[in-house]
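Pasted below: model27.cif, mmCIF, C-alpha atoms and all ligand atoms.
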data_upload
#
loop_
_atom_site.label_atom_id
_atom_site.label_comp_id
_atom_site.auth_asym_id
_atom_site.auth_seq_id
_atom_site.Cartn_x
_atom_site.Cartn_y
_atom_site.Cartn_z
CA MET A 1 -78.74 17.85 133.09
CA PHE A 2 -76.55 15.12 131.61
CA THR A 3 -78.27 11.76 131.23
CA LEU A 4 -76.48 8.45 131.01
CA SER A 5 -76.25 6.85 127.60
CA VAL A 6 -74.37 3.70 126.67
CA GLU A 7 -73.56 5.18 123.25
CA SER A 8 -72.00 8.30 124.76
CA ILE A 9 -69.99 6.25 127.25
CA ALA A 10 -68.75 3.95 124.47
CA SER A 11 -67.81 6.88 122.22
CA GLU A 12 -65.10 8.03 124.66
CA LEU A 13 -63.77 4.58 125.61
CA LYS A 14 -60.17 3.79 124.74
CA THR A 15 -60.23 0.35 126.36
CA LYS A 16 -59.72 -3.16 125.01
CA PHE A 17 -62.15 -4.95 127.33
CA ILE A 18 -63.45 -2.80 130.21
CA GLY A 19 -66.81 -1.34 129.18
CA LYS A 20 -67.04 -3.28 125.93
CA ASN A 21 -70.20 -4.78 127.41
CA ILE A 22 -72.37 -2.26 129.33
CA PHE A 23 -75.72 -2.91 131.03
CA TYR A 24 -77.69 0.25 131.78
CA PHE A 25 -80.59 0.43 134.28
CA ASP A 26 -82.92 3.37 134.95
CA GLU A 27 -83.31 1.96 138.46
CA ILE A 28 -81.95 -1.10 140.22
CA ASP A 29 -81.47 -2.16 143.83
CA SER A 30 -77.68 -2.43 143.58
CA THR A 31 -75.37 -2.71 140.56
CA ASN A 32 -73.03 -4.82 142.72
CA SER A 33 -75.79 -7.34 143.47
CA GLU A 34 -76.79 -7.49 139.82
CA ALA A 35 -73.13 -7.77 138.76
CA LYS A 36 -72.73 -10.82 141.01
CA LYS A 37 -75.66 -12.48 139.23
CA LYS A 38 -74.26 -11.61 135.81
CA ALA A 39 -70.77 -12.80 136.80
CA ALA A 40 -72.17 -16.10 138.09
CA GLN A 41 -73.95 -16.50 134.74
CA GLY A 42 -70.59 -16.11 132.97
CA ALA A 43 -70.46 -12.40 132.07
CA ALA A 44 -67.16 -11.49 130.42
CA GLU A 45 -64.33 -9.73 132.19
CA GLY A 46 -64.75 -5.98 131.87
CA THR A 47 -68.56 -6.05 131.85
CA VAL A 48 -69.93 -2.83 133.36
CA LEU A 49 -73.31 -2.24 135.00
CA VAL A 50 -74.44 1.34 135.50
CA ALA A 51 -77.66 2.71 136.95
CA GLN A 52 -79.31 6.10 136.99
CA ARG A 53 -80.43 5.41 140.55
CA GLN A 54 -80.15 2.60 143.10
CA SER A 55 -82.95 1.78 145.53
CA GLY A 56 -80.72 -0.41 147.71
CA GLY A 57 -77.20 0.92 147.20
CA ARG A 58 -74.80 -0.93 149.47
CA GLY A 59 -71.69 0.41 151.20
CA ARG A 60 -68.95 -1.18 153.27
CA LEU A 61 -69.70 -2.78 156.61
CA GLU A 62 -73.35 -3.47 155.61
CA ARG A 63 -74.12 0.25 155.42
CA SER A 64 -76.60 1.66 152.93
CA PHE A 65 -75.43 4.21 150.35
CA PHE A 66 -77.42 7.23 149.10
CA CYS A 67 -77.81 6.81 145.29
CA PRO A 68 -80.24 9.31 143.72
CA PRO A 69 -80.31 10.29 140.01
CA GLY A 70 -77.41 12.57 139.11
CA GLY A 71 -74.72 10.30 140.56
CA LEU A 72 -72.60 7.65 138.90
CA TRP A 73 -73.44 4.23 140.34
CA PHE A 74 -71.60 1.46 138.57
CA SER A 75 -69.89 -1.91 138.95
CA ILE A 76 -67.11 -3.56 136.95
CA ILE A 77 -66.71 -7.33 136.69
CA LEU A 78 -63.08 -8.52 136.67
CA ARG A 79 -61.68 -12.05 136.56
CA PRO A 80 -58.05 -11.55 137.61
CA ALA A 81 -55.55 -14.39 137.66
CA PHE A 82 -53.91 -13.19 140.89
CA ALA A 83 -54.40 -14.66 144.38
CA PRO A 84 -57.64 -14.02 146.33
CA ALA A 85 -55.58 -12.32 149.05
CA ASP A 86 -54.70 -9.58 146.55
CA ALA A 87 -58.32 -8.77 145.67
CA PRO A 88 -58.81 -6.07 148.36
CA LYS A 89 -56.13 -4.04 146.58
CA CYS A 90 -58.61 -3.67 143.70
CA THR A 91 -60.25 -1.05 145.94
CA LEU A 92 -57.01 0.94 145.96
CA MET A 93 -56.78 0.55 142.18
CA ALA A 94 -60.34 1.79 141.72
CA ALA A 95 -59.70 4.77 144.00
CA VAL A 96 -56.64 5.78 141.99
CA ALA A 97 -58.65 5.44 138.75
CA VAL A 98 -61.38 7.77 140.05
CA VAL A 99 -58.92 10.37 141.33
CA GLU A 100 -57.02 10.33 138.01
CA ALA A 101 -60.29 10.59 136.05
CA MET A 102 -61.42 13.58 138.13
CA LYS A 103 -58.19 15.38 137.20
CA TYR A 104 -59.60 15.75 133.65
CA PHE A 105 -62.17 18.06 135.24
CA GLY A 106 -59.54 20.02 137.17
CA VAL A 107 -60.52 18.31 140.42
CA GLU A 108 -57.79 17.29 142.90
CA ALA A 109 -59.63 14.80 145.10
CA LYS A 110 -57.77 12.75 147.73
CA ILE A 111 -58.07 9.15 148.89
CA LYS A 112 -58.92 8.29 152.48
CA TRP A 113 -57.99 4.69 153.29
CA PRO A 114 -59.44 2.29 152.45
CA ASN A 115 -62.23 3.24 150.08
CA ASP A 116 -63.32 6.85 150.29
CA ILE A 117 -62.45 9.74 148.04
CA GLN A 118 -62.79 13.17 149.56
CA LEU A 119 -62.96 16.72 148.30
CA SER A 120 -63.02 19.80 150.53
CA GLY A 121 -63.06 17.53 153.58
CA LYS A 122 -66.22 15.69 152.48
CA LYS A 123 -66.89 12.33 150.87
CA ILE A 124 -67.41 12.41 147.13
CA THR A 125 -66.93 8.72 146.25
CA GLY A 126 -67.21 5.33 147.93
CA ILE A 127 -65.98 1.97 146.63
CA LEU A 128 -67.23 -1.49 147.54
CA THR A 129 -65.16 -4.43 146.26
CA GLU A 130 -66.65 -7.90 146.55
CA MET A 131 -65.42 -11.25 145.28
CA SER A 132 -66.23 -14.88 144.74
CA ALA A 133 -63.21 -17.15 145.18
CA SER A 134 -62.08 -20.61 146.14
CA LEU A 135 -58.91 -21.14 148.17
CA ASN A 136 -56.43 -20.24 145.44
CA TYR A 137 -58.57 -18.98 142.61
CA ILE A 138 -60.71 -15.88 142.01
CA ASN A 139 -63.96 -16.56 140.16
CA TYR A 140 -64.71 -12.87 139.90
CA VAL A 141 -64.18 -9.51 141.56
CA ILE A 142 -66.89 -6.84 141.50
CA ILE A 143 -65.68 -3.28 141.93
CA GLY A 144 -68.66 -1.09 142.78
CA THR A 145 -68.14 2.66 142.73
CA GLY A 146 -70.51 5.43 143.70
CA ILE A 147 -69.55 8.98 142.70
CA ASN A 148 -71.58 11.97 143.85
CA VAL A 149 -71.59 13.90 140.58
CA ASN A 150 -74.64 16.10 139.93
CA ILE A 151 -76.30 15.95 143.34
CA ASP A 152 -77.36 19.31 144.74
CA ASN A 153 -79.03 18.20 147.95
CA PHE A 154 -78.15 15.52 150.47
CA PRO A 155 -80.34 14.25 153.29
CA PRO A 156 -79.71 16.03 156.61
CA GLU A 157 -77.63 13.17 158.03
CA LEU A 158 -75.16 13.53 155.11
CA THR A 159 -74.94 17.30 154.62
CA ASP A 160 -71.92 17.66 156.94
CA THR A 161 -70.00 14.70 155.50
CA ALA A 162 -70.87 14.39 151.79
CA THR A 163 -70.40 16.62 148.76
CA SER A 164 -70.73 16.33 144.99
CA LEU A 165 -68.73 17.47 141.98
CA SER A 166 -71.52 19.87 140.94
CA ASN A 167 -71.57 21.37 144.44
CA GLU A 168 -67.82 21.86 144.39
CA LEU A 169 -67.45 23.07 140.80
CA GLY A 170 -70.71 25.03 140.53
CA VAL A 171 -71.58 23.40 137.18
CA PRO A 172 -73.02 20.01 136.20
CA ILE A 173 -70.59 17.38 134.94
CA ASP A 174 -71.01 15.05 131.95
CA LEU A 175 -71.70 11.67 133.60
CA ASN A 176 -70.86 9.75 130.43
CA PHE A 177 -67.48 11.42 129.95
CA LEU A 178 -66.58 10.94 133.61
CA LEU A 179 -67.50 7.25 133.48
CA SER A 180 -65.53 6.70 130.25
CA ASN A 181 -62.51 8.36 131.88
CA VAL A 182 -62.81 6.17 134.97
CA LEU A 183 -63.06 3.03 132.84
CA ASN A 184 -60.08 4.11 130.71
CA GLU A 185 -57.98 4.77 133.83
CA THR A 186 -59.12 1.50 135.43
CA GLU A 187 -58.05 -0.58 132.47
CA LYS A 188 -54.62 1.09 132.29
CA LEU A 189 -54.05 0.38 135.98
CA TYR A 190 -55.46 -3.14 135.82
CA ILE A 191 -53.17 -4.06 132.91
CA SER A 192 -50.20 -2.72 134.89
CA VAL A 193 -51.24 -4.96 137.80
CA LEU A 194 -51.55 -8.03 135.57
CA ASN A 195 -48.14 -7.32 134.05
CA GLY A 196 -46.20 -6.25 137.10
CA GLY A 197 -48.21 -6.48 140.31
CA PHE A 198 -49.59 -3.74 142.57
CA ALA A 199 -46.40 -1.70 143.23
CA ASP A 200 -47.35 0.99 140.71
CA ILE A 201 -50.89 1.30 142.14
CA LEU A 202 -49.58 1.54 145.69
CA GLN A 203 -47.21 4.33 144.63
CA LYS A 204 -50.01 6.27 142.89
CA TRP A 205 -52.25 5.70 145.92
CA ARG A 206 -49.56 7.21 148.18
CA GLN A 207 -49.24 10.26 145.87
CA ASN A 208 -53.00 10.89 146.07
CA SER A 209 -53.50 10.07 149.74
CA LEU A 210 -55.37 12.37 152.09
CA ILE A 211 -54.05 10.75 155.23
CA LEU A 212 -50.37 9.83 154.93
CA GLY A 213 -48.26 11.89 157.29
CA ARG A 214 -51.30 13.03 159.27
CA GLU A 215 -52.70 12.16 162.66
CA VAL A 216 -55.65 9.81 162.32
CA GLU A 217 -58.14 8.07 164.52
CA VAL A 218 -58.55 4.42 163.58
CA MET A 219 -61.96 2.91 164.27
CA GLY A 220 -61.56 -0.87 164.30
CA VAL A 221 -64.25 -3.19 163.02
CA LYS A 222 -64.97 -4.36 166.60
CA SER A 223 -65.83 -1.88 169.32
CA GLY A 224 -62.96 -1.03 171.65
CA GLU A 225 -60.41 -1.25 168.84
CA ASN A 226 -60.09 2.51 168.36
CA PHE A 227 -56.77 4.29 168.63
CA ILE A 228 -54.99 7.46 167.52
CA GLY A 229 -51.68 7.60 165.67
CA LYS A 230 -49.85 8.92 162.63
CA ALA A 231 -50.63 7.29 159.26
CA ILE A 232 -47.16 6.63 157.82
CA ASP A 233 -47.66 4.33 154.83
CA ILE A 234 -49.58 1.48 153.24
CA ASP A 235 -47.73 -1.82 152.98
CA GLU A 236 -47.61 -4.23 150.04
CA ASP A 237 -50.84 -5.88 151.25
CA GLY A 238 -52.66 -2.53 151.09
CA ALA A 239 -52.86 -2.38 154.89
CA LEU A 240 -52.51 1.02 156.55
CA LEU A 241 -49.46 1.46 158.79
CA VAL A 242 -50.10 3.70 161.78
CA LYS A 243 -47.39 4.77 164.21
CA VAL A 244 -48.49 4.85 167.84
CA GLY A 245 -45.59 5.93 170.04
CA ASN A 246 -42.70 3.70 168.95
CA GLU A 247 -44.94 0.94 167.68
CA VAL A 248 -46.17 0.59 164.07
CA ARG A 249 -49.62 -1.01 163.83
CA GLN A 250 -50.88 -2.69 160.65
CA VAL A 251 -54.55 -1.89 160.04
CA LEU A 252 -56.25 -4.34 157.66
CA ALA A 253 -59.89 -3.35 158.21
CA GLY A 254 -61.84 -0.50 159.75
CA ASP A 255 -62.30 3.21 159.20
CA VAL A 256 -60.06 6.18 159.72
CA SER A 257 -60.75 9.83 160.26
CA VAL A 258 -58.22 12.62 159.98
CA ARG A 259 -57.78 14.57 163.18
CA PHE A 260 -57.53 18.33 163.39
CA LYS A 261 -57.01 20.42 166.48
CA THR A 262 -60.71 21.29 166.30
CA GLY A 263 -62.22 17.96 165.22
CA THR A 264 -62.16 15.27 162.56
CA GLU A 265 -62.52 15.07 158.77
C1 LIG A 301 -68.85 2.88 150.80
O1 LIG A 301 -68.52 4.05 150.77
O2 LIG A 301 -69.09 2.29 151.86
C2 LIG A 301 -68.95 2.13 149.51
C3 LIG A 301 -70.07 2.60 148.65
C4 LIG A 301 -70.17 1.89 147.31
C5 LIG A 301 -71.38 2.30 146.52
C6 LIG A 301 -71.38 1.72 145.14
S1 LIG A 301 -72.60 2.45 144.09
C7 LIG A 301 -72.38 1.21 142.91
C8 LIG A 301 -72.19 -0.09 143.65
N1 LIG A 301 -73.46 -0.72 143.97
C9 LIG A 301 -73.69 -0.77 145.27
O3 LIG A 301 -74.71 -1.24 145.81
N2 LIG A 301 -72.66 -0.24 145.94
C10 LIG A 301 -71.62 0.22 145.04
#

Show me, as structure tokens, the structure contained in the file I just sent.
Ligand code: BTN
Amino acid sequence: MFTLSVESIASELKTKFIGKNIFYFDEIDSTNSEAKKKAAQGAAEGTVLVAQRQSGGRGRLERSFFCPPGGLWFSIILRPAFAPADAPKCTLMAAVAVVEAMKYFGVEAKIKWPNDIQLSGKKITGILTEMSASLNYINYVIIGTGINVNIDNFPPELTDTATSLSNELGVPIDLNFLLSNVLNETEKLYISVLNGGFADILQKWRQNSLILGREVEVMGVKSGENFIGKAIDIDEDGALLVKVGNEVRQVLAGDVSVRFKTGTE
């Protein structure tokens, strides 16, 4: 079994600032919650918090997230100079970074808008981006990522919908090497955003998308906002564009599932 070690993570880092400062926890409620505290206390851009397990892992839409030992549960603190309205696109950036990092292990995972990464039709990664901002200025963005790496058993309510890298590959994966790769990819992408905006990320997101060109069911944040259509693109705001008849709907928040003749993914 691979155990997390700050030294091992650092030994594979090729970054200038992401991961230069790493806080490791055997157990914590949520690395995102702790990252907020550290960011408010002035932690530097690129600070990373990683935990062996989380007792109160948080997901989108106030959901809890299953975070036993064997997974990678980590948060990155960023202090970008772009507008607060652009911050949600950090989720797309983080998703691309994870998918690119998994390619080093021969894994071709796909991104399901807005924040899931899937493999073999099951969720393997979730991303929760949170921020503190005033009207025109971002104080900090926290990108929290949970990757199911070496997890052999899921609770019954997750067995149909979640998988792990070790389940899919049949061997355990080096957590430290995977995290270093994700941090290396994240910094490359982040620097490209700071230099030239999100166009490059959006293009890479499209190339790694699970849903573009497919029929999806969109579950809106409020009940009664569900509809079915064809996912055709994401726009420059990171919103999903779904064609329903002749109309194109812009989806800014919610969940999607891919529809098959026999069910959903
Ligand atoms: C989701 O799929 O809804 C998002 C899940 C995000 C989980 C990660 S694990 C590290 C970080 N800390 C948290 O409490 N949540 C994120």

field: Contacts of Ile18 of chain A at 8 Å (all atoms listed in the file; same-chain gap of 4+ positions) as a list of chain:residue names
entry: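 In the requested format, the answer is A:Glu45, A:Gly46, A:Thr47, A:Val48, A:Ile76, A:Leu183, A:Asn184, A:Glu187.
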
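Applying the 12 Å criterion to (-43.5, -3.6, 162.0) in file coordinates and using all atoms listed in the file, one obtains the residues Ile232, Asp233, Ile234, Asp235, Ala239, Leu240, Leu241, Val242, Lys243, Val244, Asn246, Glu247, Val248, Arg249, Gln250 and Val251 of chain A.
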
Output for the residues just chosen: C-alpha atoms as an mmCIF file, in the coordinates of the input:
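Dumped to again.cif:
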data_model
loop_
_atom_site.group_PDB
_atom_site.id
_atom_site.type_symbol
_atom_site.label_atom_id
_atom_site.label_comp_id
_atom_site.auth_asym_id
_atom_site.auth_seq_id
_atom_site.Cartn_x
_atom_site.Cartn_y
_atom_site.Cartn_z
ATOM 1 C CA ILE A 232 -47.160 6.630 157.820
ATOM 2 C CA ASP A 233 -47.660 4.330 154.830
ATOM 3 C CA ILE A 234 -49.580 1.480 153.240
ATOM 4 C CA ASP A 235 -47.730 -1.820 152.980
ATOM 5 C CA ALA A 239 -52.860 -2.380 154.890
ATOM 6 C CA LEU A 240 -52.510 1.020 156.550
ATOM 7 C CA LEU A 241 -49.460 1.460 158.790
ATOM 8 C CA VAL A 242 -50.100 3.700 161.780
ATOM 9 C CA LYS A 243 -47.390 4.770 164.210
ATOM 10 C CA VAL A 244 -48.490 4.850 167.840
ATOM 11 C CA ASN A 246 -42.700 3.700 168.950
ATOM 12 C CA GLU A 247 -44.940 0.940 167.680
ATOM 13 C CA VAL A 248 -46.170 0.590 164.070
ATOM 14 C CA ARG A 249 -49.620 -1.010 163.830
ATOM 15 C CA GLN A 250 -50.880 -2.690 160.650
ATOM 16 C CA VAL A 251 -54.550 -1.890 160.040
#

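For Glu100 of chain A, the set of protein, DNA and RNA residues having any atom at most 8 Å away, when counting all atoms listed in the file and skipping those fewer than 3 positions along the same chain, is Val96, Ala97, Lys103, Tyr104, Val182 and Glu185 of chain A.
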
Residue subset to file, keeping C-alpha atoms, as a PDB file, in the coordinates of the input:
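The new file selection_27.pdb reads:
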ATOM      1  CA  VAL A  96     -56.640   5.780 141.990  1.00  0.00           C
ATOM      2  CA  ALA A  97     -58.650   5.440 138.750  1.00  0.00           C
ATOM      3  CA  LYS A 103     -58.190  15.380 137.200  1.00  0.00           C
ATOM      4  CA  TYR A 104     -59.600  15.750 133.650  1.00  0.00           C
ATOM      5  CA  VAL A 182     -62.810   6.170 134.970  1.00  0.00           C
ATOM      6  CA  GLU A 185     -57.980   4.770 133.830  1.00  0.00           C
TER       7      GLU A 185
END

field: Shortest interatomic distance to Val98 of chain A - which of A:Gly56, A:Gly146, A:Pro114, A:Gly121, counting only C-alpha atoms
entry: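 Among the listed residues, A:Gly146 lies closest to Val98 of chain A.
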
Would you give me, as JSON lines, each residue of chain A having an atom within 6 Å of an atom of ligand LIG 301 (chain A), along with its shortest atom pair and that distance in Å to one decimal, using all atoms listed in the file and sorting by chain and residue number?
{"residue": "A:Ser30", "atom": "CA", "partner": "A:LIG301", "partner_atom": "O3", "distance": 3.9}
{"residue": "A:Thr31", "atom": "CA", "partner": "A:LIG301", "partner_atom": "N1", "distance": 4.4}
{"residue": "A:Asn32", "atom": "CA", "partner": "A:LIG301", "partner_atom": "N1", "distance": 4.3}
{"residue": "A:Gly57", "atom": "CA", "partner": "A:LIG301", "partner_atom": "O3", "distance": 3.6}
{"residue": "A:Arg58", "atom": "CA", "partner": "A:LIG301", "partner_atom": "O3", "distance": 3.7}
{"residue": "A:Gly59", "atom": "CA", "partner": "A:LIG301", "partner_atom": "O2", "distance": 3.3}
{"residue": "A:Arg60", "atom": "CA", "partner": "A:LIG301", "partner_atom": "O2", "distance": 3.7}
{"residue": "A:Phe65", "atom": "CA", "partner": "A:LIG301", "partner_atom": "C3", "distance": 5.8}
{"residue": "A:Trp73", "atom": "CA", "partner": "A:LIG301", "partner_atom": "C7", "distance": 4.1}
{"residue": "A:Phe74", "atom": "CA", "partner": "A:LIG301", "partner_atom": "C7", "distance": 4.4}
{"residue": "A:Ser75", "atom": "CA", "partner": "A:LIG301", "partner_atom": "C8", "distance": 5.5}
{"residue": "A:Asp116", "atom": "CA", "partner": "A:LIG301", "partner_atom": "O1", "distance": 5.9}
{"residue": "A:Gly126", "atom": "CA", "partner": "A:LIG301", "partner_atom": "O1", "distance": 3.4}
{"residue": "A:Ile127", "atom": "CA", "partner": "A:LIG301", "partner_atom": "C2", "distance": 4.1}
{"residue": "A:Leu128", "atom": "CA", "partner": "A:LIG301", "partner_atom": "C2", "distance": 4.5}
{"residue": "A:Gly144", "atom": "CA", "partner": "A:LIG301", "partner_atom": "C8", "distance": 3.8}
{"residue": "A:Thr145", "atom": "CA", "partner": "A:LIG301", "partner_atom": "C6", "distance": 4.1}
{"residue": "A:Gly146", "atom": "CA", "partner": "A:LIG301", "partner_atom": "S1", "distance": 3.7}

message: Using Å and a single decimal, report how far atom CA of Cys90 of chain A sits from atom CA of Gln52 of chain A.
response: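 One can read the atom CA of Gln52 of chain A to atom CA of Cys90 of chain A distance as 23.9 Å.
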
message: I'd like to know which of A:Ala101, A:Leu119, A:Ile22, A:Ala85 is closest to Ile9 of chain A, using all atoms listed in the file.
response: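 Ranking A:Ala101, A:Leu119, A:Ile22, A:Ala85 by distance to Ile9 of chain A, first place goes to A:Ile22.
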
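Closest approach to Arg214 of chain A among A:Asn21, A:Asn181, A:Thr161, A:Ser257 is made by A:Ser257 (distances from all atoms listed in the file).
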
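Distances here use all atoms listed in the file; by that measure, the residue among A:Ala43, A:Cys67, A:Lys37, A:Phe177 closest to Glu7 of chain A is A:Phe177.
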
task: Find the residues near Gly71 of chain A: any atom within 10 Å, counting only C-alpha atoms, skip ones fewer than 3 places away on the same chain, and give them as number ranges by chain.
output: A: 4, 51-54, 66-68, 74, 125, 146-151, 164-165, 173, 175

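Taking atom CA of Tyr140 of chain A and atom CA of Leu78 of chain A as the two end points, the separation is 5.7 Å.
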